[in-house]
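*Asks:* Provided herewith: protein_11.csv, CSV, C-alpha atoms and all ligand atoms.
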chain,number,residue,atom,x,y,z
A,1,MET,CA,0.0,0.0,0.0
A,2,LYS,CA,2.8,2.3,1.0
A,3,GLU,CA,4.5,1.7,-2.3
A,4,LYS,CA,1.4,2.5,-4.2
A,5,ILE,CA,1.0,5.8,-2.4
A,6,GLU,CA,4.6,6.8,-2.9
A,7,ALA,CA,4.4,5.8,-6.6
A,8,LEU,CA,1.5,8.3,-7.0
A,9,VAL,CA,3.6,11.0,-5.5
A,10,SER,CA,6.6,10.3,-7.8
A,11,GLN,CA,4.2,10.1,-10.7
A,12,LEU,CA,2.8,13.5,-10.0
A,13,GLU,CA,6.3,14.8,-9.5
A,14,ALA,CA,7.3,13.6,-13.0
A,15,GLU,CA,4.2,14.9,-14.7
A,16,ILE,CA,4.4,18.4,-13.1
A,17,LYS,CA,8.0,18.9,-14.0
A,18,ASP,CA,7.3,19.7,-17.7
A,19,THR,CA,4.3,21.9,-17.2
A,20,ASN,CA,4.4,25.5,-18.3
A,21,SER,CA,0.9,26.7,-17.7
A,22,LEU,CA,-1.5,27.1,-14.8
A,23,ASP,CA,-4.1,25.1,-16.7
A,24,GLN,CA,-1.8,22.1,-17.0
A,25,ILE,CA,-1.0,22.2,-13.3
A,26,GLU,CA,-4.7,22.5,-12.4
A,27,ALA,CA,-5.4,19.4,-14.5
A,28,ILE,CA,-2.7,17.5,-12.7
A,29,ARG,CA,-4.1,18.6,-9.3
A,30,VAL,CA,-7.6,17.3,-10.3
A,31,LYS,CA,-6.1,14.1,-11.5
A,32,TYR,CA,-4.6,13.3,-8.1
A,33,LEU,CA,-6.4,15.4,-5.5
A,34,GLY,CA,-9.7,16.2,-7.2
A,35,LYS,CA,-13.0,14.6,-6.0
A,36,SER,CA,-12.3,11.4,-7.9
A,37,GLY,CA,-8.5,11.9,-8.0
A,38,GLU,CA,-6.2,9.0,-7.7
A,39,LEU,CA,-5.1,9.8,-4.2
A,40,THR,CA,-8.6,10.8,-3.1
A,41,GLN,CA,-9.9,7.5,-4.3
A,42,MET,CA,-7.6,5.6,-2.0
A,43,MET,CA,-8.8,7.4,1.1
A,44,PRO,CA,-12.0,5.2,1.7
A,45,LEU,CA,-9.8,2.2,1.9
A,46,ILE,CA,-9.1,3.2,5.5
A,47,LYS,CA,-12.5,1.8,6.4
A,48,THR,CA,-11.5,-1.7,5.3
A,49,LEU,CA,-8.4,-1.8,7.4
A,50,PRO,CA,-8.0,-3.3,10.9
A,51,ASN,CA,-8.1,-0.6,13.5
A,52,GLU,CA,-4.4,-0.8,14.4
A,53,GLU,CA,-3.3,-0.1,10.8
A,54,LYS,CA,-5.6,2.9,10.3
A,55,PRO,CA,-3.4,5.6,11.8
A,56,THR,CA,-0.4,4.4,9.7
A,57,PHE,CA,-2.4,4.4,6.6
A,58,GLY,CA,-3.9,7.8,7.4
A,59,LYS,CA,-0.4,9.2,7.9
A,60,TRP,CA,0.8,7.8,4.5
A,61,ILE,CA,-2.1,9.4,2.7
A,62,ASN,CA,-1.7,12.7,4.5
A,63,ASP,CA,2.0,12.9,3.9
A,64,ALA,CA,1.4,12.2,0.3
A,65,LYS,CA,-1.3,14.9,0.1
A,66,VAL,CA,1.0,17.5,1.7
A,67,ALA,CA,3.9,16.6,-0.6
A,68,MET,CA,1.6,16.8,-3.7
A,69,GLU,CA,0.2,20.1,-2.6
A,70,SER,CA,3.6,21.6,-2.0
A,71,MET,CA,4.8,20.4,-5.5
A,72,ILE,CA,1.7,21.9,-7.1
A,73,THR,CA,2.2,25.3,-5.3
A,74,ASN,CA,5.9,25.4,-6.3
A,75,ALA,CA,5.0,24.6,-9.9
A,76,LYS,CA,2.4,27.3,-9.9
A,77,ASN,CA,4.9,29.8,-8.5
A,78,GLU,CA,7.4,28.9,-11.1
A,79,VAL,CA,5.0,29.4,-13.9
A,80,LEU,CA,3.9,32.8,-12.5
A,81,ALA,CA,7.5,33.9,-12.2
A,82,LYS,CA,8.2,32.9,-15.7
A,83,GLU,CA,5.2,34.8,-17.0
A,84,LEU,CA,6.4,37.9,-15.1
A,85,ASP,CA,9.9,37.6,-16.6
A,86,PHE,CA,8.4,37.3,-20.0
A,87,LYS,CA,6.2,40.3,-19.5
A,88,LEU,CA,9.1,42.4,-18.2
A,89,ALA,CA,11.3,41.4,-21.1
A,90,LYS,CA,8.6,42.3,-23.6
A,91,GLU,CA,7.9,45.7,-21.9
A,92,SER,CA,11.5,46.6,-21.5
A,93,ILE,CA,12.3,50.3,-22.2
A,94,ASP,CA,14.8,51.2,-24.9
A,95,VAL,CA,16.6,54.1,-23.3
A,96,THR,CA,18.3,54.9,-26.6
A,97,LEU,CA,15.0,55.8,-28.3
A,98,PRO,CA,14.7,59.5,-29.0
A,99,GLY,CA,12.5,61.3,-26.4
A,100,TYR,CA,9.3,63.3,-27.0
A,101,GLN,CA,10.0,66.7,-28.4
A,102,PHE,CA,8.3,69.5,-26.3
A,103,LYS,CA,8.2,72.6,-28.3
A,104,GLN,CA,9.3,75.6,-26.4
A,105,ALA,CA,6.5,78.2,-26.1
A,106,SER,CA,6.9,81.9,-26.1
A,107,ILE,CA,5.2,84.8,-24.3
A,108,HIS,CA,2.1,86.0,-26.1
A,109,PRO,CA,2.7,89.5,-27.7
A,110,LEU,CA,-0.3,90.9,-25.8
A,111,SER,CA,1.2,89.6,-22.6
A,112,LEU,CA,4.5,91.2,-23.6
A,113,VAL,CA,2.7,94.6,-24.0
A,114,ILE,CA,0.9,94.2,-20.7
A,115,GLU,CA,4.0,93.2,-18.8
A,116,ASP,CA,5.8,96.2,-20.3
A,117,LEU,CA,3.0,98.6,-19.3
A,118,GLU,CA,3.0,97.2,-15.8
A,119,ASP,CA,6.7,97.5,-15.4
A,120,TYR,CA,6.6,101.1,-16.7
A,121,PHE,CA,3.7,102.2,-14.5
A,122,ILE,CA,4.9,100.5,-11.4
A,123,GLY,CA,8.1,102.4,-11.9
A,124,GLN,CA,6.0,105.6,-11.9
A,125,GLY,CA,4.4,104.7,-8.6
A,126,PHE,CA,1.2,103.2,-9.9
A,127,ASN,CA,-0.4,100.0,-8.6
A,128,VAL,CA,-1.9,97.3,-10.8
A,129,ALA,CA,-5.6,96.6,-10.2
A,130,GLU,CA,-7.9,94.0,-11.6
A,131,GLY,CA,-11.7,93.7,-12.0
A,132,PRO,CA,-14.1,91.0,-13.2
A,133,GLU,CA,-14.8,90.4,-16.9
A,134,LEU,CA,-18.4,89.5,-16.1
A,135,GLU,CA,-19.4,92.9,-14.8
A,136,GLN,CA,-22.4,94.6,-13.3
A,137,ASP,CA,-24.3,97.2,-15.3
A,138,LEU,CA,-23.8,99.3,-12.2
A,139,TYR,CA,-20.0,99.5,-12.6
A,140,ASN,CA,-19.7,99.2,-16.4
A,141,PHE,CA,-22.2,102.0,-17.2
A,142,GLU,CA,-24.1,103.6,-14.3
A,143,MET,CA,-21.1,104.6,-12.1
A,144,MET,CA,-19.3,105.6,-15.3
A,145,ASN,CA,-21.9,108.3,-15.8
A,146,LEU,CA,-23.8,106.3,-18.4
A,147,ALA,CA,-27.3,106.1,-16.9
A,148,LYS,CA,-29.9,103.7,-18.4
A,149,GLY,CA,-31.0,105.0,-21.8
A,150,HIS,CA,-27.8,107.1,-22.2
A,151,PRO,CA,-27.2,107.3,-26.0
A,152,ALA,CA,-23.5,106.6,-25.6
A,153,ARG,CA,-24.4,103.1,-24.4
A,154,GLU,CA,-25.0,102.4,-28.0
A,155,MET,CA,-21.3,102.9,-28.7
A,156,HIS,CA,-20.7,99.8,-26.7
A,157,ASP,CA,-22.7,97.0,-28.3
A,158,SER,CA,-22.7,94.8,-25.2
A,159,PHE,CA,-23.1,91.1,-24.4
A,160,TYR,CA,-25.6,91.1,-21.6
A,161,VAL,CA,-25.7,87.8,-19.7
A,162,THR,CA,-28.6,88.8,-17.4
A,163,GLU,CA,-30.7,91.9,-17.0
A,164,THR,CA,-28.0,93.4,-14.8
A,165,GLU,CA,-24.8,91.7,-15.8
A,166,LEU,CA,-22.7,91.9,-19.0
A,167,MET,CA,-19.3,91.1,-20.3
A,168,ARG,CA,-17.5,94.4,-19.6
A,169,THR,CA,-17.3,96.6,-22.6
A,170,HIS,CA,-14.2,98.4,-21.3
A,171,THR,CA,-11.8,98.3,-18.3
A,172,SER,CA,-13.3,101.6,-17.0
A,173,PRO,CA,-15.6,99.8,-14.4
A,174,VAL,CA,-12.4,99.1,-12.5
A,175,GLN,CA,-12.2,102.8,-11.9
A,176,ALA,CA,-15.6,102.7,-10.1
A,177,ARG,CA,-14.7,99.6,-8.1
A,178,PHE,CA,-11.3,101.0,-7.1
A,179,MET,CA,-12.7,104.4,-6.1
A,180,LEU,CA,-15.1,102.6,-3.7
A,181,GLN,CA,-12.3,100.5,-2.4
A,182,ALA,CA,-10.0,103.5,-1.9
A,183,ALA,CA,-12.6,105.1,0.3
A,184,GLY,CA,-11.7,108.7,-0.4
A,185,ASN,CA,-7.9,108.2,-0.6
A,186,PRO,CA,-5.7,109.2,-3.5
A,187,ILE,CA,-5.4,106.7,-6.3
A,188,ALA,CA,-2.8,105.8,-9.0
A,189,ILE,CA,-3.6,102.6,-10.8
A,190,ILE,CA,-3.5,100.9,-14.1
A,191,SER,CA,-5.8,98.0,-14.9
A,192,PRO,CA,-5.2,95.7,-17.8
A,193,GLY,CA,-7.6,93.0,-18.9
A,194,LYS,CA,-10.1,91.5,-21.4
A,195,THR,CA,-13.1,93.4,-22.7
A,196,TYR,CA,-16.0,92.4,-24.9
A,197,ARG,CA,-18.1,94.1,-27.5
A,198,ARG,CA,-20.6,92.8,-30.1
A,199,ASP,CA,-18.2,93.7,-33.0
A,200,PRO,CA,-17.9,91.6,-36.1
A,201,ASP,CA,-14.7,89.7,-36.2
A,202,ASP,CA,-12.5,90.8,-39.0
A,203,ALA,CA,-8.9,92.0,-39.6
A,204,THR,CA,-9.4,95.1,-37.4
A,205,HIS,CA,-12.2,94.1,-35.0
A,206,SER,CA,-12.7,91.4,-32.5
A,207,HIS,CA,-15.6,90.6,-30.1
A,208,GLN,CA,-12.9,90.2,-27.4
A,209,PHE,CA,-10.0,92.4,-27.0
A,210,MET,CA,-7.8,93.9,-24.3
A,211,GLN,CA,-7.5,97.3,-22.7
A,212,CYS,CA,-5.4,98.9,-20.1
A,213,GLU,CA,-7.1,101.5,-17.9
A,214,GLY,CA,-5.3,104.2,-16.1
A,215,LEU,CA,-6.7,106.3,-13.2
A,216,VAL,CA,-5.2,109.0,-11.0
A,217,VAL,CA,-7.2,110.7,-8.3
A,218,GLY,CA,-5.9,113.3,-5.8
A,219,GLU,CA,-5.8,116.9,-5.0
A,220,ASN,CA,-4.9,119.5,-7.7
A,221,ILE,CA,-4.5,117.0,-10.5
A,222,SER,CA,-4.2,119.0,-13.7
A,223,PHE,CA,-4.7,118.4,-17.4
A,224,ALA,CA,-0.9,119.0,-17.7
A,225,ASN,CA,-0.3,116.1,-15.4
A,226,LEU,CA,-2.4,113.9,-17.7
A,227,LYS,CA,-0.5,115.1,-20.8
A,228,ALA,CA,2.8,114.4,-19.1
A,229,VAL,CA,1.8,110.8,-18.2
A,230,LEU,CA,0.5,110.2,-21.7
A,231,LEU,CA,3.6,111.5,-23.3
A,232,GLY,CA,5.8,109.4,-21.0
A,233,MET,CA,3.7,106.3,-21.9
A,234,ALA,CA,3.8,107.0,-25.6
A,235,ARG,CA,7.6,107.5,-25.6
A,236,HIS,CA,8.1,104.4,-23.4
A,237,LEU,CA,6.0,102.3,-25.8
A,238,PHE,CA,7.0,103.6,-29.2
A,239,GLY,CA,10.3,105.4,-28.8
A,240,GLU,CA,11.9,108.4,-27.2
A,241,ALA,CA,11.4,111.0,-29.9
A,242,ARG,CA,7.6,110.4,-30.2
A,243,GLU,CA,5.3,113.4,-30.2
A,244,ILE,CA,1.6,113.1,-29.1
A,245,ARG,CA,-1.4,115.2,-30.2
A,246,LEU,CA,-4.5,115.6,-28.1
A,247,ARG,CA,-7.8,116.1,-30.0
A,248,PRO,CA,-11.1,117.1,-28.2
A,249,SER,CA,-13.4,114.1,-27.9
A,250,TYR,CA,-16.3,112.8,-25.8
A,251,PHE,CA,-16.6,110.2,-23.2
A,252,PRO,CA,-19.4,110.3,-20.6
A,253,PHE,CA,-16.9,109.6,-17.8
A,254,THR,CA,-14.4,112.3,-18.5
A,255,GLU,CA,-14.7,116.0,-19.0
A,256,PRO,CA,-12.9,117.4,-20.9
A,257,SER,CA,-12.1,114.3,-23.0
A,258,VAL,CA,-9.4,113.7,-25.6
A,259,GLU,CA,-8.4,111.3,-28.2
A,260,VAL,CA,-4.6,110.8,-28.2
A,261,ASP,CA,-2.7,110.5,-31.4
A,262,VAL,CA,0.9,109.4,-31.6
A,263,MET,CA,3.3,110.5,-34.5
A,264,PHE,CA,4.6,107.6,-36.5
A,265,THR,CA,7.1,107.9,-39.3
A,266,LYS,CA,6.5,105.7,-42.4
A,267,LYS,CA,9.3,103.9,-44.2
A,268,ASP,CA,9.3,106.7,-46.9
A,269,GLY,CA,10.0,109.2,-44.2
A,270,SER,CA,6.5,110.7,-44.2
A,271,LYS,CA,4.9,111.3,-40.9
A,272,ARG,CA,1.4,110.6,-39.8
A,273,TRP,CA,-0.7,110.8,-36.6
A,274,ILE,CA,-2.3,107.6,-35.5
A,275,GLU,CA,-5.1,107.5,-32.9
A,276,VAL,CA,-3.9,105.4,-30.0
A,277,LEU,CA,-6.1,106.0,-26.9
A,278,GLY,CA,-8.8,107.9,-25.2
A,279,ALA,CA,-8.4,110.0,-22.0
A,280,GLY,CA,-9.7,112.9,-20.0
A,281,MET,CA,-10.3,114.5,-16.6
A,282,VAL,CA,-12.5,112.3,-14.4
A,283,HIS,CA,-16.1,113.6,-14.6
A,284,PRO,CA,-17.4,115.1,-11.4
A,285,ASN,CA,-20.3,112.7,-11.4
A,286,VAL,CA,-18.0,109.7,-11.5
A,287,LEU,CA,-16.0,111.1,-8.6
A,288,LYS,CA,-19.2,111.7,-6.6
A,289,MET,CA,-20.5,108.2,-7.2
A,290,GLY,CA,-17.1,106.9,-6.3
A,291,GLY,CA,-17.2,108.7,-2.9
A,292,TYR,CA,-15.1,111.7,-3.7
A,293,ASN,CA,-16.0,115.4,-3.3
A,294,PRO,CA,-15.1,116.9,-6.7
A,295,GLU,CA,-14.6,120.3,-5.0
A,296,VAL,CA,-11.6,118.8,-3.1
A,297,MET,CA,-10.4,115.9,-5.2
A,298,ASN,CA,-10.1,115.4,-9.0
A,299,GLY,CA,-8.3,113.2,-11.4
A,300,PHE,CA,-7.6,111.9,-14.9
A,301,ALA,CA,-8.2,108.6,-16.6
A,302,PHE,CA,-7.1,106.9,-19.8
A,303,GLY,CA,-7.9,103.7,-21.6
A,304,ILE,CA,-5.6,102.2,-24.2
A,305,GLY,CA,-6.2,99.2,-26.5
A,306,VAL,CA,-3.5,96.5,-25.9
A,307,GLU,CA,-3.9,95.0,-29.4
A,308,ARG,CA,-3.5,98.5,-30.9
A,309,ILE,CA,-0.2,98.9,-29.1
A,310,ALA,CA,1.0,95.5,-30.3
A,311,ILE,CA,-0.2,96.1,-33.8
A,312,LEU,CA,1.7,99.4,-34.0
A,313,LYS,CA,4.8,98.2,-32.2
A,314,TYR,CA,5.3,95.0,-34.1
A,315,GLY,CA,3.7,95.9,-37.4
A,316,ILE,CA,0.9,93.3,-37.3
A,317,ASP,CA,-1.7,93.6,-40.0
A,318,ASP,CA,-4.5,91.3,-38.8
A,319,ILE,CA,-5.9,91.4,-35.2
A,320,ARG,CA,-7.0,87.8,-35.6
A,321,ASN,CA,-3.4,86.7,-35.4
A,322,PHE,CA,-3.6,87.4,-31.6
A,323,TYR,CA,-6.3,84.8,-31.0
A,324,THR,CA,-5.7,81.9,-33.4
A,325,ASN,CA,-2.6,80.5,-31.6
A,326,ASP,CA,-0.6,79.9,-34.8
A,327,ARG,CA,2.8,79.1,-33.6
A,328,ARG,CA,4.5,80.5,-36.7
A,329,PHE,CA,3.1,83.9,-35.6
A,330,LEU,CA,3.7,83.5,-31.9
A,331,ASN,CA,7.3,82.2,-32.3
A,332,GLN,CA,8.3,85.5,-33.7
A,333,PHE,CA,8.0,87.0,-30.2
A,334,LYS,CA,10.6,84.7,-28.6
A,335,GLY,CA,13.3,86.5,-26.8
A,336,GLU,CA,11.5,89.8,-26.8
A,401,LIG,N1,-13.3,103.4,-21.8
A,401,LIG,C1,-13.0,104.1,-23.0
A,401,LIG,C2,-13.2,103.2,-24.2
A,401,LIG,O1,-13.3,102.0,-24.0
A,401,LIG,C3,-11.6,104.6,-23.0
A,401,LIG,C4,-11.4,105.7,-21.9
A,401,LIG,C5,-11.0,105.3,-20.7
A,401,LIG,C6,-11.5,107.0,-22.2
A,401,LIG,C7,-10.7,106.3,-19.7
A,401,LIG,C8,-11.3,108.0,-21.3
A,401,LIG,C9,-10.9,107.6,-20.0
A,401,LIG,O2,-13.3,103.6,-25.3
Here is the file; what I need is its structure written in the form of structure tokens.

*Replies:*
Amino acid sequence: MKEKIEALVSQLEAEIKDTNSLDQIEAIRVKYLGKSGELTQMMPLIKTLPNEEKPTFGKWINDAKVAMESMITNAKNEVLAKELDFKLAKESIDVTLPGYQFKQASIHPLSLVIEDLEDYFIGQGFNVAEGPELEQDLYNFEMMNLAKGHPAREMHDSFYVTETELMRTHTSPVQARFMLQAAGNPIAIISPGKTYRRDPDDATHSHQFMQCEGLVVGENISFANLKAVLLGMARHLFGEAREIRLRPSYFPFTEPSVEVDVMFTKKDGSKRWIEVLGAGMVHPNVLKMGGYNPEVMNGFAFGIGVERIAILKYGIDDIRNFYTNDRRFLNQFKGE
């Protein structure tokens, strides 16, 4: 009996040696240890033996079972290890392959202009303020002296989002917000950011564009101060020898108001004035609504188009170039 049991163990050992899949090993396990496996089938024989032989027989069977199970476990582990080696070999990394090429980006020309303006004005003692692009009618129009039904609202074809909220049509609402925040104290800020108008999109118009607002409030601020700041800005942006020209204009939030032209020299040497921005002395109504007494405090403001500066500075002929993310265009501003 003992020989027969040991023979089964050797048989299993021989069979399992050449296996190379978990399925094969499982089949062998079933063959010997399954419900009607060869070893399992020998177990009932115990009943037929005399009592004194039962423990010995039981031990043989049990030893055989333990030996078989451990062979099966080892064989399974070997197969799993082999599969892992195979997988690792297949997925190995070739470190000599060329890597992914990440193209180096460049700073957007509009950002270059804004950074330049910020640097310049911070150097002049200004702060940089920001306001929301989704703006309340209150700040965008009302507090800028454009009451409901004011005809000048027509100049700003607006994107209303609700009855009282719109995408801001200019950066001027930051003036109103900042005056309230400054609570009667003097102000010197610029505020660059995005603005929106219901303009058709073509080479010279865009429904979204950028402006940079300027606001100074204090005592005894004069029109001469405004002119000096505008001249300084024009020369900083476009070159030291620039001249500016102020033409009377109209904005509801400034009085008097001006359009500012800058002198450009064409390639053929001829000179021409190009309109660059709007400006003026802050309207007394705007000061009042912002919490200032116009008898004591006054100020000036200006609003300049960021695209316009970039177009003039870099000689760009189509405003859409700023928004279409064509890298051939953008790459030209590397190293500016
Ligand atoms: N907000 C005006 C515009 O968008 C520009 C401006 C700002 C004019 C400040 C005067 C003073 O056209």

*Asks:* So how many Å separate CA of Lys267 in chain A and CA of Gly315 in chain A, to one decimal?

*Replies:* 11.9 Å

*Asks:* Give me, please, the distance in Å between CA of Glu133 in chain A and CA of Arg308 in chain A, quoted to one decimal.

*Replies:*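 Going from CA of Glu133 in chain A over to CA of Arg308 in chain A, I get 19.7 Å.
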
*Asks:* Would you please work out which residue, of A:Ile72, A:Leu287, A:Leu246, A:Leu112, is nearest to Ala182 in chain A when using all atoms listed in the file?

*Replies:*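 Closest candidate: A:Leu287.
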
*Asks:* List as a list in words the protein and nucleic acid residues lying within 7 Å of ligand LIG 401 (chain A), with all atoms listed in the file counted.

*Replies:*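 Checked against 7 Å with all atoms listed in the file; the hits are Thr169, His170, Thr171, Ser172, Glu213, Gly214, Phe251, Phe253, Thr254, Ser257, Leu277, Gly278, Ala279, Gly280, Ala301, Phe302, Gly303 and Ile304 of chain A.
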
*Asks:* Kindly indicate which residue among A:Asp94, A:Ser206, A:Ala147, A:Lys65 lies nearest to Thr324 in chain A, using all atoms listed in the file for the distances.

*Replies:*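 Checking each candidate against Thr324 in chain A, we get A:Ser206 as the closest.
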
*Asks:* Complete the atoms of range 125-138 of chain A to N, CA, C and O atoms and put them out as a short mmCIF file (atom, residue, chain, number, x, y, z; two decimals), keeping the file's coordinate frame.

*Replies:*
data_model
loop_
_atom_site.label_atom_id
_atom_site.label_comp_id
_atom_site.auth_asym_id
_atom_site.auth_seq_id
_atom_site.Cartn_x
_atom_site.Cartn_y
_atom_site.Cartn_z
N GLY A 125 5.14 104.67 -9.85
CA GLY A 125 4.40 104.70 -8.60
C GLY A 125 2.97 104.29 -8.64
O GLY A 125 2.21 104.51 -7.70
N PHE A 126 2.57 103.67 -9.75
CA PHE A 126 1.20 103.20 -9.90
C PHE A 126 1.08 101.76 -9.28
O PHE A 126 2.06 101.03 -9.22
N ASN A 127 -0.14 101.40 -8.91
CA ASN A 127 -0.40 100.00 -8.60
C ASN A 127 -1.18 99.36 -9.75
O ASN A 127 -1.77 100.05 -10.57
N VAL A 128 -1.17 98.03 -9.77
CA VAL A 128 -1.90 97.30 -10.80
C VAL A 128 -3.18 96.74 -10.15
O VAL A 128 -3.10 96.04 -9.14
N ALA A 129 -4.34 97.11 -10.71
CA ALA A 129 -5.60 96.60 -10.20
C ALA A 129 -6.31 95.73 -11.16
O ALA A 129 -6.04 95.81 -12.36
N GLU A 130 -7.17 94.88 -10.65
CA GLU A 130 -7.90 94.00 -11.60
C GLU A 130 -9.41 94.05 -11.23
O GLU A 130 -9.80 94.32 -10.10
N GLY A 131 -10.21 93.76 -12.25
CA GLY A 131 -11.70 93.70 -12.00
C GLY A 131 -12.21 92.52 -12.81
O GLY A 131 -11.53 91.96 -13.68
N PRO A 132 -13.46 92.13 -12.52
CA PRO A 132 -14.10 91.00 -13.20
C PRO A 132 -14.43 91.25 -14.63
O PRO A 132 -14.77 92.38 -14.97
N GLU A 133 -14.36 90.21 -15.46
CA GLU A 133 -14.80 90.40 -16.90
C GLU A 133 -16.31 90.32 -16.99
O GLU A 133 -16.89 90.94 -17.86
N LEU A 134 -16.93 89.49 -16.14
CA LEU A 134 -18.40 89.50 -16.10
C LEU A 134 -18.75 90.59 -15.08
O LEU A 134 -18.49 90.47 -13.89
N GLU A 135 -19.28 91.68 -15.59
CA GLU A 135 -19.40 92.90 -14.80
C GLU A 135 -20.86 93.29 -14.60
O GLU A 135 -21.73 92.90 -15.38
N GLN A 136 -21.09 94.07 -13.55
CA GLN A 136 -22.40 94.60 -13.30
C GLN A 136 -22.66 95.84 -14.13
O GLN A 136 -21.76 96.67 -14.24
N ASP A 137 -23.86 95.98 -14.63
CA ASP A 137 -24.30 97.20 -15.30
C ASP A 137 -23.88 98.41 -14.48
O ASP A 137 -23.39 99.43 -14.98
N LEU A 138 -24.08 98.26 -13.18
CA LEU A 138 -23.80 99.30 -12.20
C LEU A 138 -22.38 99.92 -12.42
O LEU A 138 -22.22 101.14 -12.50
#
